[in-house]
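A.B. asks: Here it is, the structure, as structure tokens.
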Amino acid sequence: MRPRLAVFDIDGTLSDSQHHIHAAMQQAFEAQGLGAPDLAAVRQIVGLSLPIAVARLAPGADVGLVADIVQGYKQSYFWARSAEPAPLFAGAADMLQRLAARGDIRLGIATGKSRRGLDALLAHFDLGSIFVTRQVSDNHPSKPHPAMLLAALAETGVAADDAVMIGDTTFDIEMARAAGVRGIGVRWGYHEAEQLAAAGAARLVADFAALEAVLDELLGQA
């Protein structure tokens with residue numbers, strides 16, 4: 001059997017972190033004397049690397065101001081996360097454990113989170129051991145650049161045809177297409193289903209049970 005790989009986004013796909021991200025953005029913008037972005041705007045940039053996300057939220061900001069907002073965000077998010085980690089979506093942990101127990105599909109991560117943020121989340125929910133590859137924003141260009149997925153494929157020795165990317169934003173789906181990987185869009189995240197379909201999602205799923213069924217369909221035993 002050829003090796004197969006399911007790569008997951010984190011924010012908006014496994015973790016419902018929108019309110020943590022929004023609160024940290026509010027504090028970071030206000031610290032610079034700027035009007036804070038609303039939740040709808042923040043949901044649209046989740047998944048991008050921080051400097052690019054901030055630049056989209058503050059299109060008139062120069063490089064120095066963007067850097068200051070980014071630093072403020074990191075500090076604010078660190079304290080928010082320390083007080084109460086962003087929750088996983090209901091059913092996410094059980095679904096991951098079931099997939100890991102099967103042994104026929106390897107699991108990976110491609111996220112706009114930092115290494116520190118990802119490691120803290122996985123440790124808190126005791127999920128670190130099930131992912132064989134973890135790609136983060138520290139080491140790669142921002143989504144939708146395909147670097148994270150290409151690195152995941154190289155690390156695991158899986159061909160693009162035998163891999164899928166699961167995410168909630170157009171950035172995830174566009175990254176998948178750029179890497180030659182099929183993208184699965186989840187309907188419970190931060191971009192609308194219509195956006196995911198327009199970006200080229202191979203499938204859209206409404207819950208984790210449907211996701212498992214689609215993984216069986218797309219990554220059926222060779």
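How things are named: the first chain in the structure tokens is A, the next is B, and so on; residues count from 1 in each chain; ligands count from 1 in the order shown.
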Would you mind listing, for every residue of range 2-107 of chain A within 12 Å of range 111-117 of chain A, the two atoms forming the shortest contact and the distance between them in Å to one decimal, using only C-alpha atoms, sorted by chain and ascending residue number, as a Markdown table?
C.D. replies:
```
| residue | atom | partner | partner_atom | distance |
| --- | --- | --- | --- | --- |
| A:Val7 | CA | A:Thr111 | CA | 9.6 |
| A:Phe8 | CA | A:Thr111 | CA | 7.8 |
| A:Asp9 | CA | A:Thr111 | CA | 5.2 |
| A:Ile10 | CA | A:Thr111 | CA | 5.9 |
| A:Asp11 | CA | A:Thr111 | CA | 7.6 |
| A:Gly12 | CA | A:Thr111 | CA | 10.5 |
| A:Thr13 | CA | A:Thr111 | CA | 10.1 |
| A:Leu14 | CA | A:Thr111 | CA | 10.8 |
| A:Ser15 | CA | A:Thr111 | CA | 11.3 |
| A:Ser17 | CA | A:Lys113 | CA | 11.1 |
| A:Ile21 | CA | A:Lys113 | CA | 11.0 |
| A:Ile45 | CA | A:Gly112 | CA | 10.2 |
| A:Val46 | CA | A:Gly112 | CA | 7.9 |
| A:Gly47 | CA | A:Gly112 | CA | 4.8 |
| A:Leu48 | CA | A:Gly112 | CA | 5.5 |
| A:Ser49 | CA | A:Gly112 | CA | 5.2 |
| A:Leu50 | CA | A:Gly112 | CA | 7.7 |
| A:Pro51 | CA | A:Gly112 | CA | 10.8 |
| A:Ile52 | CA | A:Gly112 | CA | 10.6 |
| A:Ala53 | CA | A:Gly112 | CA | 9.9 |
| A:Lys74 | CA | A:Gly117 | CA | 9.7 |
| A:Gln75 | CA | A:Gly117 | CA | 11.7 |
| A:Tyr77 | CA | A:Gly117 | CA | 9.3 |
| A:Phe78 | CA | A:Gly117 | CA | 8.1 |
| A:Trp79 | CA | A:Gly117 | CA | 11.5 |
| A:Ala80 | CA | A:Gly117 | CA | 11.6 |
| A:Arg81 | CA | A:Gly117 | CA | 8.7 |
| A:Ser82 | CA | A:Gly117 | CA | 10.4 |
| A:Pro85 | CA | A:Gly117 | CA | 10.2 |
| A:Ala86 | CA | A:Gly117 | CA | 10.9 |
```
A.B. asks: Please write the residues from the selection above to a file, keeping N, CA, C and O atoms, as a compact mmCIF listing (two decimals), in the first residue's frame.
C.D. replies:
```
# COMPACT_ATOMS: atom_id res chain seq x y z
N VAL A 7 -3.35 16.29 5.69
CA VAL A 7 -2.74 17.45 6.36
C VAL A 7 -3.86 18.39 6.81
O VAL A 7 -4.74 18.75 6.02
N PHE A 8 -3.80 18.80 8.08
CA PHE A 8 -4.83 19.64 8.66
C PHE A 8 -4.32 21.06 8.93
O PHE A 8 -3.22 21.24 9.44
N ASP A 9 -5.16 22.03 8.60
CA ASP A 9 -5.01 23.37 9.13
C ASP A 9 -5.44 23.32 10.61
O ASP A 9 -6.10 22.37 11.03
N ILE A 10 -5.08 24.35 11.38
CA ILE A 10 -5.47 24.38 12.79
C ILE A 10 -6.60 25.37 13.04
O ILE A 10 -7.73 25.00 13.34
N ASP A 11 -6.31 26.68 12.95
CA ASP A 11 -7.29 27.70 13.32
C ASP A 11 -8.47 27.71 12.35
O ASP A 11 -8.31 27.92 11.14
N GLY A 12 -9.66 27.45 12.90
CA GLY A 12 -10.86 27.42 12.09
C GLY A 12 -11.19 26.04 11.54
O GLY A 12 -12.29 25.83 11.03
N THR A 13 -10.24 25.12 11.67
CA THR A 13 -10.46 23.75 11.19
C THR A 13 -10.53 22.77 12.35
O THR A 13 -11.48 21.99 12.48
N LEU A 14 -9.52 22.80 13.21
CA LEU A 14 -9.51 21.96 14.41
C LEU A 14 -9.78 22.78 15.67
O LEU A 14 -10.41 22.29 16.60
N SER A 15 -9.30 24.02 15.69
CA SER A 15 -9.42 24.87 16.86
C SER A 15 -10.28 26.09 16.56
O SER A 15 -10.07 26.78 15.55
N SER A 17 -10.46 29.32 17.35
CA SER A 17 -9.61 30.35 17.97
C SER A 17 -10.00 31.76 17.57
O SER A 17 -9.29 32.72 17.91
N ILE A 21 -8.03 35.28 18.63
CA ILE A 21 -7.32 36.04 17.60
C ILE A 21 -7.88 37.46 17.52
O ILE A 21 -7.13 38.44 17.47
N ILE A 45 -8.70 36.88 7.57
CA ILE A 45 -7.24 36.79 7.48
C ILE A 45 -6.66 35.63 8.29
O ILE A 45 -5.46 35.39 8.27
N VAL A 46 -7.52 34.90 9.01
CA VAL A 46 -7.02 33.77 9.78
C VAL A 46 -6.37 32.75 8.84
O VAL A 46 -6.94 32.38 7.82
N GLY A 47 -5.18 32.31 9.21
CA GLY A 47 -4.45 31.35 8.38
C GLY A 47 -3.25 31.96 7.67
O GLY A 47 -2.31 31.25 7.31
N LEU A 48 -3.27 33.27 7.48
CA LEU A 48 -2.12 33.94 6.89
C LEU A 48 -1.03 34.13 7.94
O LEU A 48 -1.31 34.21 9.14
N SER A 49 0.21 34.24 7.51
CA SER A 49 1.28 34.59 8.43
C SER A 49 1.01 35.99 8.98
O SER A 49 0.42 36.85 8.30
N LEU A 50 1.44 36.24 10.21
CA LEU A 50 1.05 37.46 10.92
C LEU A 50 1.36 38.76 10.16
O LEU A 50 0.49 39.63 10.07
N PRO A 51 2.56 38.96 9.64
CA PRO A 51 2.82 40.24 8.96
C PRO A 51 1.89 40.48 7.78
O PRO A 51 1.43 41.62 7.56
N ILE A 52 1.57 39.44 7.04
CA ILE A 52 0.66 39.59 5.90
C ILE A 52 -0.77 39.83 6.39
O ILE A 52 -1.50 40.67 5.84
N ALA A 53 -1.17 39.12 7.44
CA ALA A 53 -2.51 39.31 7.99
C ALA A 53 -2.69 40.74 8.49
O ALA A 53 -3.71 41.39 8.21
N LYS A 74 1.40 39.27 19.26
CA LYS A 74 2.04 38.09 19.85
C LYS A 74 1.96 38.13 21.37
O LYS A 74 1.66 37.12 22.02
N GLN A 75 2.22 39.30 21.95
CA GLN A 75 2.16 39.42 23.40
C GLN A 75 0.73 39.22 23.90
O GLN A 75 0.51 38.50 24.89
N TYR A 77 -1.79 37.65 22.40
CA TYR A 77 -2.27 36.29 22.19
C TYR A 77 -1.64 35.31 23.17
O TYR A 77 -2.29 34.39 23.65
N PHE A 78 -0.37 35.55 23.50
CA PHE A 78 0.31 34.67 24.45
C PHE A 78 -0.41 34.68 25.79
O PHE A 78 -0.67 33.62 26.37
N TRP A 79 -0.78 35.85 26.28
CA TRP A 79 -1.45 35.93 27.58
C TRP A 79 -2.86 35.38 27.50
O TRP A 79 -3.32 34.70 28.42
N ALA A 80 -3.55 35.62 26.41
CA ALA A 80 -4.91 35.07 26.25
C ALA A 80 -4.86 33.55 26.23
O ALA A 80 -5.67 32.87 26.86
N ARG A 81 -3.89 33.01 25.49
CA ARG A 81 -3.77 31.56 25.39
C ARG A 81 -3.38 30.95 26.73
O ARG A 81 -3.84 29.86 27.10
N SER A 82 -2.52 31.64 27.48
CA SER A 82 -2.08 31.11 28.78
C SER A 82 -3.24 31.04 29.75
O SER A 82 -3.34 30.12 30.56
N PRO A 85 -6.74 28.34 26.84
CA PRO A 85 -6.45 27.96 25.45
C PRO A 85 -7.71 27.93 24.59
O PRO A 85 -8.80 27.61 25.08
N ALA A 86 -7.56 28.30 23.33
CA ALA A 86 -8.70 28.24 22.41
C ALA A 86 -9.19 26.80 22.33
O ALA A 86 -8.38 25.86 22.24
```
A.B. asks: Report as a ChimeraX atom specification: the residues of range 6-198 of chain A with a DSSP assignment of helix (DSSP H, G or I), based on the backbone of this structure.
C.D. replies: /A:18-31,39-45,50-57,63-83,92-102,115-124,128-130,137-139,147-156,160-162,170-179,193-198
A.B. asks: List every residue of chain A that DSSP, applied to the backbone, labels as strand (DSSP E), and write the result as an NGL selection string.
C.D. replies: :A and (5-8 or 106-110 or 133-135 or 163-167 or 182-186 or 203-205)
A.B. asks: Taking only C-alpha atoms into account, produce a table as CSV in which each residue of range 73-135 of chain A with an atom at most 9 Å from an atom of range 194-215 of chain A appears once, together with its shortest atom pair and the distance in Å to one decimal, ordered by chain and rising number.
C.D. replies:
```
residue,atom,partner,partner_atom,distance
A:Gly91,CA,A:Phe208,CA,6.8
A:Ala92,CA,A:Phe208,CA,7.0
A:Met95,CA,A:Phe208,CA,6.7
A:Leu99,CA,A:Glu212,CA,8.1
```
A.B. asks: For the selection you just gave me, I'd like the residues written to a file as an mmCIF file, in the first residue's frame, keeping all heavy atoms.
C.D. replies:
```cif
data_model
loop_
_atom_site.group_PDB
_atom_site.id
_atom_site.type_symbol
_atom_site.label_atom_id
_atom_site.label_comp_id
_atom_site.auth_asym_id
_atom_site.auth_seq_id
_atom_site.Cartn_x
_atom_site.Cartn_y
_atom_site.Cartn_z
ATOM 1 N N GLY A 91 -15.752 17.242 18.735
ATOM 2 C CA GLY A 91 -15.530 16.070 17.885
ATOM 3 C C GLY A 91 -14.178 16.025 17.211
ATOM 4 O O GLY A 91 -13.801 14.981 16.663
ATOM 5 N N ALA A 92 -13.424 17.116 17.250
ATOM 6 C CA ALA A 92 -12.144 17.147 16.539
ATOM 7 C C ALA A 92 -11.143 16.154 17.126
ATOM 8 O O ALA A 92 -10.495 15.387 16.399
ATOM 9 C CB ALA A 92 -11.559 18.558 16.558
ATOM 10 N N MET A 95 -12.067 12.510 16.402
ATOM 11 C CA MET A 95 -11.834 12.190 14.995
ATOM 12 C C MET A 95 -10.355 11.960 14.721
ATOM 13 O O MET A 95 -9.975 10.988 14.043
ATOM 14 C CB MET A 95 -12.374 13.318 14.119
ATOM 15 C CG MET A 95 -12.189 13.138 12.622
ATOM 16 S SD MET A 95 -10.640 13.851 11.962
ATOM 17 C CE MET A 95 -10.728 15.538 12.515
ATOM 18 N N LEU A 99 -8.529 8.454 13.403
ATOM 19 C CA LEU A 99 -7.681 8.388 12.208
ATOM 20 C C LEU A 99 -6.296 7.861 12.555
ATOM 21 O O LEU A 99 -5.726 7.036 11.822
ATOM 22 C CB LEU A 99 -7.574 9.767 11.566
ATOM 23 C CG LEU A 99 -8.822 10.327 10.900
ATOM 24 C CD1 LEU A 99 -8.565 11.749 10.406
ATOM 25 C CD2 LEU A 99 -9.281 9.443 9.735
#
```
A.B. asks: By how many Å are CA of Arg187 in chain A and CA of Lys143 in chain A apart?
C.D. replies: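 So the answer is 19.1 Å.
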A.B. asks: What gap, in Å, lies between CA of Asp119 in chain A and CA of Glu174 in chain A?
C.D. replies: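 Going from CA of Asp119 in chain A over to CA of Glu174 in chain A, I get 25.2 Å.
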A.B. asks: Using CA of Gly35 in chain A and CA of Asp62 in chain A as the two end points, give the distance in Å to one decimal.
C.D. replies: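 Value for the CA of Gly35 in chain A-CA of Asp62 in chain A distance: 15.8 Å.
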A.B. asks: With only C-alpha atoms as the atoms that count, which of A:Ala41, A:Leu219, A:Leu127, A:Ala151 lies nearest to Arg182 in chain A?
C.D. replies: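 Of A:Ala41, A:Leu219, A:Leu127, A:Ala151, the one nearest Arg182 in chain A is A:Leu219, counting only C-alpha atoms.
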A.B. asks: Select, from A:Leu39, A:Leu57, A:Met165, A:Ala152, the residue with the minimum atom-to-atom distance to Ala23 in chain A, counting only C-alpha atoms.
C.D. replies: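 Among A:Leu39, A:Leu57, A:Met165, A:Ala152, it is A:Leu39 that comes nearest to Ala23 in chain A.
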A.B. asks: Return the single residue from A:Ala36, A:Leu96, A:Ala90, A:Ala193 that is closest to Gly128 in chain A, with distances computed using only C-alpha atoms.
C.D. replies: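 So, comparing all the options, the nearest one is A:Leu96.
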A.B. asks: Counting only C-alpha atoms, which of A:Tyr73, A:Ala110, A:Gly60, A:Val66 gets nearest to Ala176 in chain A?
C.D. replies: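 With only C-alpha atoms as the atom set, the closest residue is A:Ala110.
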A.B. asks: Near Ala61 in chain A, within 12 Å and counting only C-alpha atoms, which residues show up once chain neighbours fewer than 5 positions away are dropped, as a list in words?
C.D. replies: Phe29, Gln32, Leu34, Pro51, Ile52, Val54, Ala55, Arg56, Val66, Ala67, Asp68, Ile69 and Val70 of chain A
